[in-house]
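Undergrad: What follows is input.cif; its format and atoms are mmCIF, C-alpha atoms; chains and numbers go by the auth columns.
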data_model
loop_
_atom_site.group_PDB
_atom_site.id
_atom_site.type_symbol
_atom_site.label_atom_id
_atom_site.label_comp_id
_atom_site.label_asym_id
_atom_site.label_seq_id
_atom_site.Cartn_x
_atom_site.Cartn_y
_atom_site.Cartn_z
_atom_site.B_iso_or_equiv
_atom_site.auth_seq_id
_atom_site.auth_asym_id
ATOM 1 C CA MET A 1 -18.589 -60.577 -35.716 0.00 1 A
ATOM 2 C CA ALA A 2 -17.451 -63.947 -37.026 0.00 2 A
ATOM 3 C CA ALA A 3 -19.913 -65.900 -39.129 0.00 3 A
ATOM 4 C CA PRO A 4 -21.714 -68.681 -37.238 0.00 4 A
ATOM 5 C CA MET A 5 -20.375 -72.187 -37.828 0.00 5 A
ATOM 6 C CA GLU A 6 -22.463 -75.350 -37.688 0.00 6 A
ATOM 7 C CA LEU A 7 -21.110 -78.889 -37.636 0.00 7 A
ATOM 8 C CA SER A 8 -23.253 -81.823 -38.717 0.00 8 A
ATOM 9 C CA CYS A 9 -21.968 -85.118 -37.363 0.00 9 A
ATOM 10 C CA TRP A 10 -22.930 -88.524 -36.074 0.00 10 A
ATOM 11 C CA GLY A 11 -24.068 -88.531 -32.453 0.00 11 A
ATOM 12 C CA GLY A 12 -22.756 -90.248 -29.385 0.00 12 A
ATOM 13 C CA GLY A 13 -23.068 -93.329 -27.212 0.00 13 A
ATOM 14 C CA TRP A 14 -21.001 -95.397 -24.791 0.00 14 A
ATOM 15 C CA GLY A 15 -19.830 -92.241 -23.054 0.00 15 A
ATOM 16 C CA LEU A 16 -18.610 -90.627 -26.301 0.00 16 A
ATOM 17 C CA PRO A 17 -19.882 -87.357 -27.823 0.00 17 A
ATOM 18 C CA SER A 18 -19.719 -89.146 -31.191 0.00 18 A
ATOM 19 C CA VAL A 19 -19.056 -92.770 -32.109 0.00 19 A
ATOM 20 C CA HIS A 20 -17.740 -91.720 -35.528 0.00 20 A
ATOM 21 C CA PRO A 21 -13.939 -91.196 -35.622 0.00 21 A
ATOM 22 C CA GLU A 22 -13.924 -88.351 -38.141 0.00 22 A
ATOM 23 C CA SER A 23 -16.736 -86.494 -36.365 0.00 23 A
ATOM 24 C CA LEU A 24 -14.967 -87.027 -33.046 0.00 24 A
ATOM 25 C CA THR A 25 -11.703 -85.621 -34.442 0.00 25 A
ATOM 26 C CA VAL A 26 -13.348 -82.372 -35.524 0.00 26 A
ATOM 27 C CA MET A 27 -15.344 -82.038 -32.305 0.00 27 A
ATOM 28 C CA ALA A 28 -12.174 -82.491 -30.242 0.00 28 A
ATOM 29 C CA TYR A 29 -10.188 -79.972 -32.290 0.00 29 A
ATOM 30 C CA ALA A 30 -12.974 -77.414 -31.909 0.00 30 A
ATOM 31 C CA LYS A 31 -12.819 -77.872 -28.137 0.00 31 A
ATOM 32 C CA PHE A 32 -9.021 -77.580 -28.107 0.00 32 A
ATOM 33 C CA SER A 33 -8.959 -74.431 -30.250 0.00 33 A
ATOM 34 C CA GLY A 34 -11.998 -72.728 -28.730 0.00 34 A
ATOM 35 C CA ALA A 35 -13.925 -72.694 -32.014 0.00 35 A
ATOM 36 C CA PRO A 36 -17.588 -71.834 -31.290 0.00 36 A
ATOM 37 C CA LEU A 37 -19.283 -74.579 -33.286 0.00 37 A
ATOM 38 C CA THR A 38 -22.958 -75.352 -33.078 0.00 38 A
ATOM 39 C CA VAL A 39 -23.055 -79.148 -33.254 0.00 39 A
ATOM 40 C CA ASN A 40 -26.037 -80.779 -34.954 0.00 40 A
ATOM 41 C CA THR A 41 -26.090 -84.537 -34.562 0.00 41 A
ATOM 42 C CA ILE A 42 -27.707 -86.685 -37.210 0.00 42 A
ATOM 43 C CA ASN A 43 -31.127 -87.969 -36.200 0.00 43 A
ATOM 44 C CA ASN A 44 -34.283 -89.323 -37.781 0.00 44 A
ATOM 45 C CA SER A 45 -35.017 -85.982 -39.446 0.00 45 A
ATOM 46 C CA TRP A 46 -31.758 -86.137 -41.441 0.00 46 A
ATOM 47 C CA ARG A 47 -32.461 -86.191 -45.188 0.00 47 A
ATOM 48 C CA ALA A 48 -29.028 -86.389 -46.801 0.00 48 A
ATOM 49 C CA ARG A 49 -28.335 -89.352 -49.075 0.00 49 A
ATOM 50 C CA LYS A 50 -24.715 -89.891 -48.152 0.00 50 A
ATOM 51 C CA GLY A 51 -22.750 -90.679 -45.058 0.00 51 A
ATOM 52 C CA ASP A 52 -20.359 -87.826 -45.844 0.00 52 A
ATOM 53 C CA VAL A 53 -20.017 -86.357 -42.388 0.00 53 A
ATOM 54 C CA PRO A 54 -18.755 -84.397 -40.578 0.00 54 A
ATOM 55 C CA VAL A 55 -19.800 -81.319 -42.552 0.00 55 A
ATOM 56 C CA LEU A 56 -19.072 -77.744 -41.508 0.00 56 A
ATOM 57 C CA ILE A 57 -21.353 -74.958 -42.736 0.00 57 A
ATOM 58 C CA SER A 58 -20.476 -71.282 -42.360 0.00 58 A
ATOM 59 C CA GLU A 59 -22.718 -68.893 -44.313 0.00 59 A
ATOM 60 C CA ASP A 60 -22.495 -70.168 -47.915 0.00 60 A
ATOM 61 C CA ILE A 61 -19.373 -72.292 -47.297 0.00 61 A
ATOM 62 C CA VAL A 62 -19.778 -76.069 -46.968 0.00 62 A
ATOM 63 C CA ILE A 63 -16.722 -78.139 -46.020 0.00 63 A
ATOM 64 C CA SER A 64 -16.341 -81.870 -45.448 0.00 64 A
ATOM 65 C CA GLN A 65 -13.354 -84.047 -44.464 0.00 65 A
ATOM 66 C CA PRO A 66 -11.623 -83.422 -41.124 0.00 66 A
ATOM 67 C CA ALA A 67 -8.351 -82.050 -42.523 0.00 67 A
ATOM 68 C CA LYS A 68 -10.195 -79.447 -44.629 0.00 68 A
ATOM 69 C CA ILE A 69 -12.467 -78.488 -41.741 0.00 69 A
ATOM 70 C CA LEU A 70 -9.488 -78.031 -39.420 0.00 70 A
ATOM 71 C CA ASN A 71 -7.704 -75.905 -42.023 0.00 71 A
ATOM 72 C CA PHE A 72 -10.797 -73.707 -42.293 0.00 72 A
ATOM 73 C CA LEU A 73 -10.935 -73.298 -38.508 0.00 73 A
ATOM 74 C CA ARG A 74 -7.266 -72.287 -38.453 0.00 74 A
ATOM 75 C CA LYS A 75 -7.982 -69.622 -41.079 0.00 75 A
ATOM 76 C CA GLN A 76 -10.694 -68.303 -38.754 0.00 76 A
ATOM 77 C CA LYS A 77 -7.983 -67.915 -36.056 0.00 77 A
ATOM 78 C CA TYR A 78 -8.965 -71.043 -34.136 0.00 78 A
ATOM 79 C CA ASN A 79 -5.549 -72.645 -34.071 0.00 79 A
ATOM 80 C CA ALA A 80 -4.600 -75.341 -31.560 0.00 80 A
ATOM 81 C CA ASP A 81 -1.071 -75.562 -33.028 0.00 81 A
ATOM 82 C CA TYR A 82 0.178 -71.990 -32.723 0.00 82 A
ATOM 83 C CA GLU A 83 2.843 -72.915 -30.156 0.00 83 A
ATOM 84 C CA LEU A 84 4.266 -75.837 -32.153 0.00 84 A
ATOM 85 C CA SER A 85 7.722 -75.659 -33.705 0.00 85 A
ATOM 86 C CA ALA A 86 8.323 -76.486 -37.366 0.00 86 A
ATOM 87 C CA LYS A 87 9.608 -79.915 -36.359 0.00 87 A
ATOM 88 C CA GLN A 88 6.538 -80.587 -34.232 0.00 88 A
ATOM 89 C CA GLY A 89 4.359 -79.556 -37.147 0.00 89 A
ATOM 90 C CA ALA A 90 6.184 -82.037 -39.370 0.00 90 A
ATOM 91 C CA ASP A 91 5.846 -84.723 -36.692 0.00 91 A
ATOM 92 C CA THR A 92 2.113 -84.038 -36.584 0.00 92 A
ATOM 93 C CA LEU A 93 1.748 -84.725 -40.303 0.00 93 A
ATOM 94 C CA ALA A 94 3.854 -87.879 -40.018 0.00 94 A
ATOM 95 C CA TYR A 95 1.823 -89.301 -37.142 0.00 95 A
ATOM 96 C CA ILE A 96 -1.493 -88.505 -38.830 0.00 96 A
ATOM 97 C CA ALA A 97 -0.253 -90.352 -41.923 0.00 97 A
ATOM 98 C CA LEU A 98 0.710 -93.264 -39.650 0.00 98 A
ATOM 99 C CA LEU A 99 -2.777 -93.325 -38.137 0.00 99 A
ATOM 100 C CA GLU A 100 -4.421 -93.363 -41.535 0.00 100 A
ATOM 101 C CA GLU A 101 -2.125 -96.054 -42.909 0.00 101 A
ATOM 102 C CA LYS A 102 -1.760 -98.363 -39.912 0.00 102 A
ATOM 103 C CA LEU A 103 -4.757 -97.829 -37.622 0.00 103 A
ATOM 104 C CA LEU A 104 -7.636 -96.707 -39.823 0.00 104 A
ATOM 105 C CA PRO A 105 -7.998 -100.033 -41.719 0.00 105 A
ATOM 106 C CA SER A 106 -8.454 -101.961 -38.473 0.00 106 A
ATOM 107 C CA LEU A 107 -10.909 -99.363 -37.209 0.00 107 A
ATOM 108 C CA LEU A 108 -12.951 -99.687 -40.392 0.00 108 A
ATOM 109 C CA HIS A 109 -12.796 -103.454 -40.125 0.00 109 A
ATOM 110 C CA THR A 110 -13.869 -103.478 -36.469 0.00 110 A
ATOM 111 C CA PHE A 111 -16.912 -101.290 -37.133 0.00 111 A
ATOM 112 C CA TRP A 112 -17.986 -102.157 -40.639 0.00 112 A
ATOM 113 C CA VAL A 113 -16.501 -105.439 -41.905 0.00 113 A
ATOM 114 C CA ASP A 114 -16.388 -107.807 -38.939 0.00 114 A
ATOM 115 C CA ALA A 115 -19.753 -109.531 -39.358 0.00 115 A
ATOM 116 C CA GLU A 116 -20.553 -109.983 -35.676 0.00 116 A
ATOM 117 C CA ASN A 117 -19.704 -106.411 -34.728 0.00 117 A
ATOM 118 C CA TYR A 118 -21.516 -104.976 -37.734 0.00 118 A
ATOM 119 C CA CYS A 119 -24.727 -106.955 -37.283 0.00 119 A
ATOM 120 C CA SER A 120 -25.018 -106.621 -33.513 0.00 120 A
ATOM 121 C CA VAL A 121 -23.694 -103.091 -32.925 0.00 121 A
ATOM 122 C CA THR A 122 -22.738 -100.920 -35.907 0.00 122 A
ATOM 123 C CA LYS A 123 -25.699 -101.475 -38.231 0.00 123 A
ATOM 124 C CA PRO A 124 -28.458 -101.120 -35.608 0.00 124 A
ATOM 125 C CA TRP A 125 -26.810 -98.071 -34.015 0.00 125 A
ATOM 126 C CA PHE A 126 -26.361 -96.123 -37.247 0.00 126 A
ATOM 127 C CA ALA A 127 -29.735 -97.242 -38.620 0.00 127 A
ATOM 128 C CA SER A 128 -31.467 -95.982 -35.470 0.00 128 A
ATOM 129 C CA SER A 129 -30.054 -92.490 -36.093 0.00 129 A
ATOM 130 C CA ILE A 130 -31.594 -91.973 -39.531 0.00 130 A
ATOM 131 C CA THR A 131 -35.023 -92.098 -41.063 0.00 131 A
ATOM 132 C CA PHE A 132 -36.623 -94.958 -42.989 0.00 132 A
ATOM 133 C CA PRO A 133 -35.919 -95.993 -45.765 0.00 133 A
ATOM 134 C CA LEU A 134 -32.422 -94.464 -45.578 0.00 134 A
ATOM 135 C CA SER A 135 -31.821 -96.597 -42.488 0.00 135 A
ATOM 136 C CA LEU A 136 -32.092 -99.712 -44.684 0.00 136 A
ATOM 137 C CA TYR A 137 -29.615 -98.440 -47.257 0.00 137 A
ATOM 138 C CA LEU A 138 -26.943 -96.228 -45.701 0.00 138 A
ATOM 139 C CA PRO A 139 -25.313 -98.645 -43.189 0.00 139 A
ATOM 140 C CA GLY A 140 -24.835 -101.231 -45.942 0.00 140 A
ATOM 141 C CA LYS A 141 -23.371 -98.576 -48.233 0.00 141 A
ATOM 142 C CA MET A 142 -20.939 -97.497 -45.519 0.00 142 A
ATOM 143 C CA SER A 143 -19.979 -101.143 -44.883 0.00 143 A
ATOM 144 C CA ARG A 144 -19.245 -101.759 -48.563 0.00 144 A
ATOM 145 C CA GLU A 145 -17.228 -98.550 -48.806 0.00 145 A
ATOM 146 C CA ALA A 146 -15.180 -99.548 -45.755 0.00 146 A
ATOM 147 C CA LEU A 147 -14.380 -102.965 -47.216 0.00 147 A
ATOM 148 C CA ASN A 148 -13.489 -101.436 -50.589 0.00 148 A
ATOM 149 C CA ARG A 149 -11.201 -98.918 -48.895 0.00 149 A
ATOM 150 C CA ILE A 150 -9.409 -101.684 -47.004 0.00 150 A
ATOM 151 C CA LEU A 151 -8.992 -103.850 -50.084 0.00 151 A
ATOM 152 C CA LEU A 152 -7.909 -100.920 -52.234 0.00 152 A
ATOM 153 C CA THR A 153 -4.979 -100.203 -49.935 0.00 153 A
ATOM 154 C CA ARG A 154 -4.208 -103.713 -48.647 0.00 154 A
ATOM 155 C CA GLY A 155 -5.703 -106.225 -51.071 0.00 155 A
ATOM 156 C CA GLY A 156 -2.811 -106.560 -53.514 0.00 156 A
ATOM 157 C CA PRO A 157 0.187 -108.888 -53.451 0.00 157 A
ATOM 158 C CA PRO A 158 1.374 -110.476 -51.229 0.00 158 A
ATOM 159 C CA LEU A 159 -1.988 -110.388 -49.403 0.00 159 A
ATOM 160 C CA TYR A 160 -4.468 -112.133 -51.672 0.00 160 A
ATOM 161 C CA THR A 161 -7.228 -113.316 -49.338 0.00 161 A
ATOM 162 C CA LEU A 162 -9.438 -111.351 -46.969 0.00 162 A
ATOM 163 C CA THR A 163 -8.182 -113.497 -44.073 0.00 163 A
ATOM 164 C CA GLU A 164 -4.579 -112.519 -44.857 0.00 164 A
ATOM 165 C CA VAL A 165 -5.592 -108.866 -45.144 0.00 165 A
ATOM 166 C CA GLU A 166 -7.411 -108.983 -41.816 0.00 166 A
ATOM 167 C CA ALA A 167 -4.439 -110.528 -40.029 0.00 167 A
ATOM 168 C CA GLN A 168 -2.060 -107.907 -41.455 0.00 168 A
ATOM 169 C CA ILE A 169 -4.203 -104.878 -40.645 0.00 169 A
ATOM 170 C CA TYR A 170 -4.535 -105.948 -37.015 0.00 170 A
ATOM 171 C CA ARG A 171 -0.782 -106.523 -36.748 0.00 171 A
ATOM 172 C CA ASP A 172 -0.237 -103.050 -38.166 0.00 172 A
ATOM 173 C CA ALA A 173 -2.809 -101.554 -35.784 0.00 173 A
ATOM 174 C CA LYS A 174 -1.157 -103.075 -32.721 0.00 174 A
ATOM 175 C CA GLU A 175 2.213 -101.810 -33.891 0.00 175 A
ATOM 176 C CA CYS A 176 0.725 -98.330 -34.345 0.00 176 A
ATOM 177 C CA LEU A 177 -0.826 -98.373 -30.871 0.00 177 A
ATOM 178 C CA ASN A 178 2.516 -99.397 -29.374 0.00 178 A
ATOM 179 C CA LEU A 179 4.280 -96.538 -31.161 0.00 179 A
ATOM 180 C CA LEU A 180 1.668 -94.024 -29.985 0.00 180 A
ATOM 181 C CA SER A 181 1.977 -95.276 -26.413 0.00 181 A
ATOM 182 C CA LYS A 182 5.755 -94.948 -26.517 0.00 182 A
ATOM 183 C CA ARG A 183 5.539 -91.448 -28.037 0.00 183 A
ATOM 184 C CA LEU A 184 3.007 -90.239 -25.447 0.00 184 A
ATOM 185 C CA GLY A 185 4.918 -91.681 -22.505 0.00 185 A
ATOM 186 C CA THR A 186 3.907 -89.991 -19.276 0.00 186 A
ATOM 187 C CA SER A 187 2.917 -86.692 -20.911 0.00 187 A
ATOM 188 C CA GLN A 188 -0.668 -85.488 -20.764 0.00 188 A
ATOM 189 C CA PHE A 189 -0.726 -84.752 -24.500 0.00 189 A
ATOM 190 C CA PHE A 190 1.590 -85.554 -27.391 0.00 190 A
ATOM 191 C CA PHE A 191 3.394 -82.201 -27.321 0.00 191 A
ATOM 192 C CA GLY A 192 3.235 -81.454 -23.617 0.00 192 A
ATOM 193 C CA ASP A 193 0.477 -79.871 -21.548 0.00 193 A
ATOM 194 C CA THR A 194 -1.685 -78.452 -24.340 0.00 194 A
ATOM 195 C CA PRO A 195 -3.707 -80.500 -26.869 0.00 195 A
ATOM 196 C CA THR A 196 -3.083 -79.964 -30.576 0.00 196 A
ATOM 197 C CA THR A 197 -4.207 -81.305 -33.941 0.00 197 A
ATOM 198 C CA LEU A 198 -2.379 -84.573 -33.337 0.00 198 A
ATOM 199 C CA ASP A 199 -4.223 -85.113 -30.060 0.00 199 A
ATOM 200 C CA ALA A 200 -7.539 -84.530 -31.835 0.00 200 A
ATOM 201 C CA PHE A 201 -6.743 -87.142 -34.489 0.00 201 A
ATOM 202 C CA VAL A 202 -5.414 -89.698 -32.005 0.00 202 A
ATOM 203 C CA PHE A 203 -8.438 -89.201 -29.756 0.00 203 A
ATOM 204 C CA GLY A 204 -10.806 -89.511 -32.722 0.00 204 A
ATOM 205 C CA PHE A 205 -9.250 -92.814 -33.738 0.00 205 A
ATOM 206 C CA LEU A 206 -8.734 -94.324 -30.277 0.00 206 A
ATOM 207 C CA ALA A 207 -11.829 -93.374 -28.308 0.00 207 A
ATOM 208 C CA PRO A 208 -14.309 -95.467 -30.362 0.00 208 A
ATOM 209 C CA ILE A 209 -12.008 -98.487 -30.130 0.00 209 A
ATOM 210 C CA TYR A 210 -11.704 -97.921 -26.391 0.00 210 A
ATOM 211 C CA LYS A 211 -15.340 -97.241 -25.507 0.00 211 A
ATOM 212 C CA VAL A 212 -17.763 -98.916 -27.927 0.00 212 A
ATOM 213 C CA CYS A 213 -19.002 -102.265 -26.582 0.00 213 A
ATOM 214 C CA PHE A 214 -18.396 -104.736 -29.412 0.00 214 A
ATOM 215 C CA PRO A 215 -18.733 -108.514 -29.068 0.00 215 A
ATOM 216 C CA ARG A 216 -15.362 -108.939 -30.817 0.00 216 A
ATOM 217 C CA VAL A 217 -12.839 -106.776 -28.962 0.00 217 A
ATOM 218 C CA HIS A 218 -9.510 -107.976 -30.336 0.00 218 A
ATOM 219 C CA LEU A 219 -8.091 -104.475 -30.874 0.00 219 A
ATOM 220 C CA GLN A 220 -9.778 -103.059 -27.779 0.00 220 A
ATOM 221 C CA GLU A 221 -8.059 -105.643 -25.604 0.00 221 A
ATOM 222 C CA HIS A 222 -4.663 -104.561 -26.912 0.00 222 A
ATOM 223 C CA LEU A 223 -5.468 -100.878 -26.386 0.00 223 A
ATOM 224 C CA LYS A 224 -6.472 -101.543 -22.775 0.00 224 A
ATOM 225 C CA GLN A 225 -3.008 -103.001 -22.163 0.00 225 A
ATOM 226 C CA LEU A 226 -1.613 -99.500 -22.876 0.00 226 A
ATOM 227 C CA PRO A 227 -2.854 -97.521 -19.857 0.00 227 A
ATOM 228 C CA ASN A 228 -1.379 -94.182 -20.918 0.00 228 A
ATOM 229 C CA LEU A 229 -3.485 -94.184 -24.103 0.00 229 A
ATOM 230 C CA CYS A 230 -6.602 -95.102 -22.129 0.00 230 A
ATOM 231 C CA ARG A 231 -5.858 -92.328 -19.638 0.00 231 A
ATOM 232 C CA PHE A 232 -5.362 -89.943 -22.570 0.00 232 A
ATOM 233 C CA CYS A 233 -8.876 -90.715 -23.867 0.00 233 A
ATOM 234 C CA ASP A 234 -10.464 -90.527 -20.418 0.00 234 A
ATOM 235 C CA ASP A 235 -8.808 -87.181 -19.651 0.00 235 A
ATOM 236 C CA ILE A 236 -10.082 -85.586 -22.864 0.00 236 A
ATOM 237 C CA LEU A 237 -13.604 -86.877 -22.281 0.00 237 A
ATOM 238 C CA THR A 238 -13.584 -85.579 -18.722 0.00 238 A
ATOM 239 C CA CYS A 239 -11.888 -82.225 -19.320 0.00 239 A
ATOM 240 C CA TYR A 240 -13.371 -81.219 -22.663 0.00 240 A
ATOM 241 C CA PHE A 241 -16.668 -83.071 -22.986 0.00 241 A
ATOM 242 C CA ARG A 242 -17.651 -83.625 -19.351 0.00 242 A
ATOM 243 C CA LEU A 243 -18.729 -87.164 -20.217 0.00 243 A
ATOM 244 C CA THR A 244 -18.432 -90.356 -18.248 0.00 244 A
ATOM 245 C CA ALA A 245 -18.952 -93.966 -19.182 0.00 245 A
ATOM 246 C CA SER A 246 -22.584 -93.741 -18.027 0.00 246 A
ATOM 247 C CA ASP A 247 -23.411 -90.851 -20.383 0.00 247 A
ATOM 248 C CA GLY A 248 -24.523 -91.046 -23.983 0.00 248 A
ATOM 249 C CA ARG A 249 -27.119 -93.032 -25.844 0.00 249 A
ATOM 250 C CA GLN A 250 -26.719 -96.785 -25.804 0.00 250 A
ATOM 251 C CA PRO A 251 -28.081 -99.128 -28.461 0.00 251 A
ATOM 252 C CA SER A 252 -31.501 -100.548 -27.745 0.00 252 A
#
For the structure just supplied, provide its representation as structure tokens.

TA:
Amino acid sequence: MAAPMELSCWGGGWGLPSVHPESLTVMAYAKFSGAPLTVNTINNSWRARKGDVPVLISEDIVISQPAKILNFLRKQKYNADYELSAKQGADTLAYIALLEEKLLPSLLHTFWVDAENYCSVTKPWFASSITFPLSLYLPGKMSREALNRILLTRGGPPLYTLTEVEAQIYRDAKECLNLLSKRLGTSQFFFGDTPTTLDAFVFGFLAPIYKVCFPRVHLQEHLKQLPNLCRFCDDILTCYFRLTASDGRQPS
């Protein structure tokens, strides 16, 4: 019998099983591959001192970071990519790199750096999921880490000011969304009728942008002009998570 596997991740809201892109990526891949994960969402009993989730635990093995978790699941014979050709496998890596370079900075900015979104939505939601006094510390730590990550990759010449960086990352994000929309076309998933690793990553990145109700929705407005990507997110939520827009915990 295979060893039990437990996934610790941030919980859901706004009709999403998780509002955290990396947690959502792993949860989606587990659904696609049939991996029997027991999902434990972070709540007020959580005692860890970091925001390093998702974390997969199997016996004495502890794995973090989505790519490493997915590799572990593949080694346990839960492989959503077994029908892909070598070229499709290479395309998967290229598109994931595109997501991380072009879309992730804007996602981090939307959640953690934009002051209005952070103060009215992100900070209270994440703080409500963890115990005091960690709730006073961890959201701010995650916000600072997000800003540092953006500036580390985008803060050098010729972009010297935060305003210039912000403008560039949103231009890049819109370009990335347009490319994803063109690549998906009228297909159900990116490589046909069956979801793969790429679909899990795209869903993990797009669904929070699409569903979370932020006061500043600059990127969300662009995404909603690409109906095939919105349909892609809705189909995965309906088929694999049985969630609708009315499900999930909303911020108080």

Undergrad: Which residues come within 10 Å of segment 79-95 of chain A, counting only C-alpha atoms, excluding same-chain residues fewer than 3 positions away, as a PyMOL selection string?

TA: chain A and resi 29-35+70-76+98-101+176+179-180+190-191+194-202

Undergrad: For Leu177 of chain A, which of A:Leu134, A:Leu147, A:Leu206, A:Val19 is the closest residue, counting all atoms listed in the file?

TA: A:Leu206

Undergrad: Rounded to one decimal in Å, what is the spacing between atom CA of Ser120 of chain A and atom CA of Leu151 of chain A?

TA: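 Computing it gives 23.2 Å between the two atoms.
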
Undergrad: So which residues get picked by the PyMOL selection byres ((chain A and resi 209) around 10) here, written as number ranges by chain?

TA: A: 19, 21, 106-107, 110-111, 203-208, 210-214, 217-221, 223-224

Undergrad: Expressed in Å to a single decimal, how great is the separation between atom CA of Trp125 of chain A and atom CA of Leu7 of chain A?

TA: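 Computed distance, atom CA of Trp125 of chain A to atom CA of Leu7 of chain A, equals 20.3 Å.
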
Undergrad: Run through the PyMOL selection byres ((chain A and resi 52) around 12) on the given coordinates and return the selected residues as a list in words.

TA: Ser8, Cys9, Trp10, His20, Glu22, Ser23, Ile42, Ala48, Arg49, Lys50, Gly51, Val53, Pro54, Val55, Leu56, Val62, Ile63, Ser64, Gln65, Pro66, Leu138, Lys141, Met142 and Glu145 of chain A

Undergrad: Those same residues, written as a short mmCIF file (atom, residue, chain, number, x, y, z; two decimals), keeping the file's coordinate frame with C-alpha atoms?

TA:
data_model
loop_
_atom_site.label_atom_id
_atom_site.label_comp_id
_atom_site.auth_asym_id
_atom_site.auth_seq_id
_atom_site.Cartn_x
_atom_site.Cartn_y
_atom_site.Cartn_z
CA SER A 8 -23.25 -81.82 -38.72
CA CYS A 9 -21.97 -85.12 -37.36
CA TRP A 10 -22.93 -88.52 -36.07
CA HIS A 20 -17.74 -91.72 -35.53
CA GLU A 22 -13.92 -88.35 -38.14
CA SER A 23 -16.74 -86.49 -36.36
CA ILE A 42 -27.71 -86.68 -37.21
CA ALA A 48 -29.03 -86.39 -46.80
CA ARG A 49 -28.34 -89.35 -49.08
CA LYS A 50 -24.72 -89.89 -48.15
CA GLY A 51 -22.75 -90.68 -45.06
CA VAL A 53 -20.02 -86.36 -42.39
CA PRO A 54 -18.76 -84.40 -40.58
CA VAL A 55 -19.80 -81.32 -42.55
CA LEU A 56 -19.07 -77.74 -41.51
CA VAL A 62 -19.78 -76.07 -46.97
CA ILE A 63 -16.72 -78.14 -46.02
CA SER A 64 -16.34 -81.87 -45.45
CA GLN A 65 -13.35 -84.05 -44.46
CA PRO A 66 -11.62 -83.42 -41.12
CA LEU A 138 -26.94 -96.23 -45.70
CA LYS A 141 -23.37 -98.58 -48.23
CA MET A 142 -20.94 -97.50 -45.52
CA GLU A 145 -17.23 -98.55 -48.81
#

Undergrad: Enter the distance from atom CA of Thr186 of chain A to atom CA of Tyr240 of chain A, in Å, rounded to one decimal.

TA: 19.7 Å

Undergrad: Of the candidates A:Asn117, A:Ser129, A:Thr25, A:Ser143, which one gets nearest to Ile236 of chain A if we count all atoms listed in the file?

TA: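 Residue with the minimum atom-to-atom distance to Ile236 of chain A: A:Thr25.
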
Undergrad: Taking every listed atom of segment 213-227 of chain A and adding 5 Å to each side, what centre and edge lengths in Å (one decimal) does the axis-aligned box have, as JSON?

TA:
{"center_x": -10.3, "center_y": -103.2, "center_z": -25.4, "size_x": 27.4, "size_y": 21.4, "size_z": 21.0}

Undergrad: Could you tell me, as a list of chain:residue names, exactly which residues end up selected when the PyMOL selection byres ((chain A and resi 127) around 10) is applied to this structure?

TA: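 After applying the PyMOL selection byres ((chain A and resi 127) around 10), what remains is A:Asn43, A:Asn44, A:Thr122, A:Lys123, A:Pro124, A:Trp125, A:Phe126, A:Ser128, A:Ser129, A:Ile130, A:Thr131, A:Phe132, A:Pro133, A:Leu134, A:Ser135, A:Leu136, A:Tyr137, A:Leu138, A:Pro139, A:Gly140.
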
Undergrad: For a quick check of understanding, using only C-alpha atoms, which of A:Lys77, A:Arg231, A:Lys68, A:His109 has the smallest distance to Ile169 of chain A?

TA: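 Once distances to Ile169 of chain A are computed over only C-alpha atoms, the minimum belongs to A:His109.
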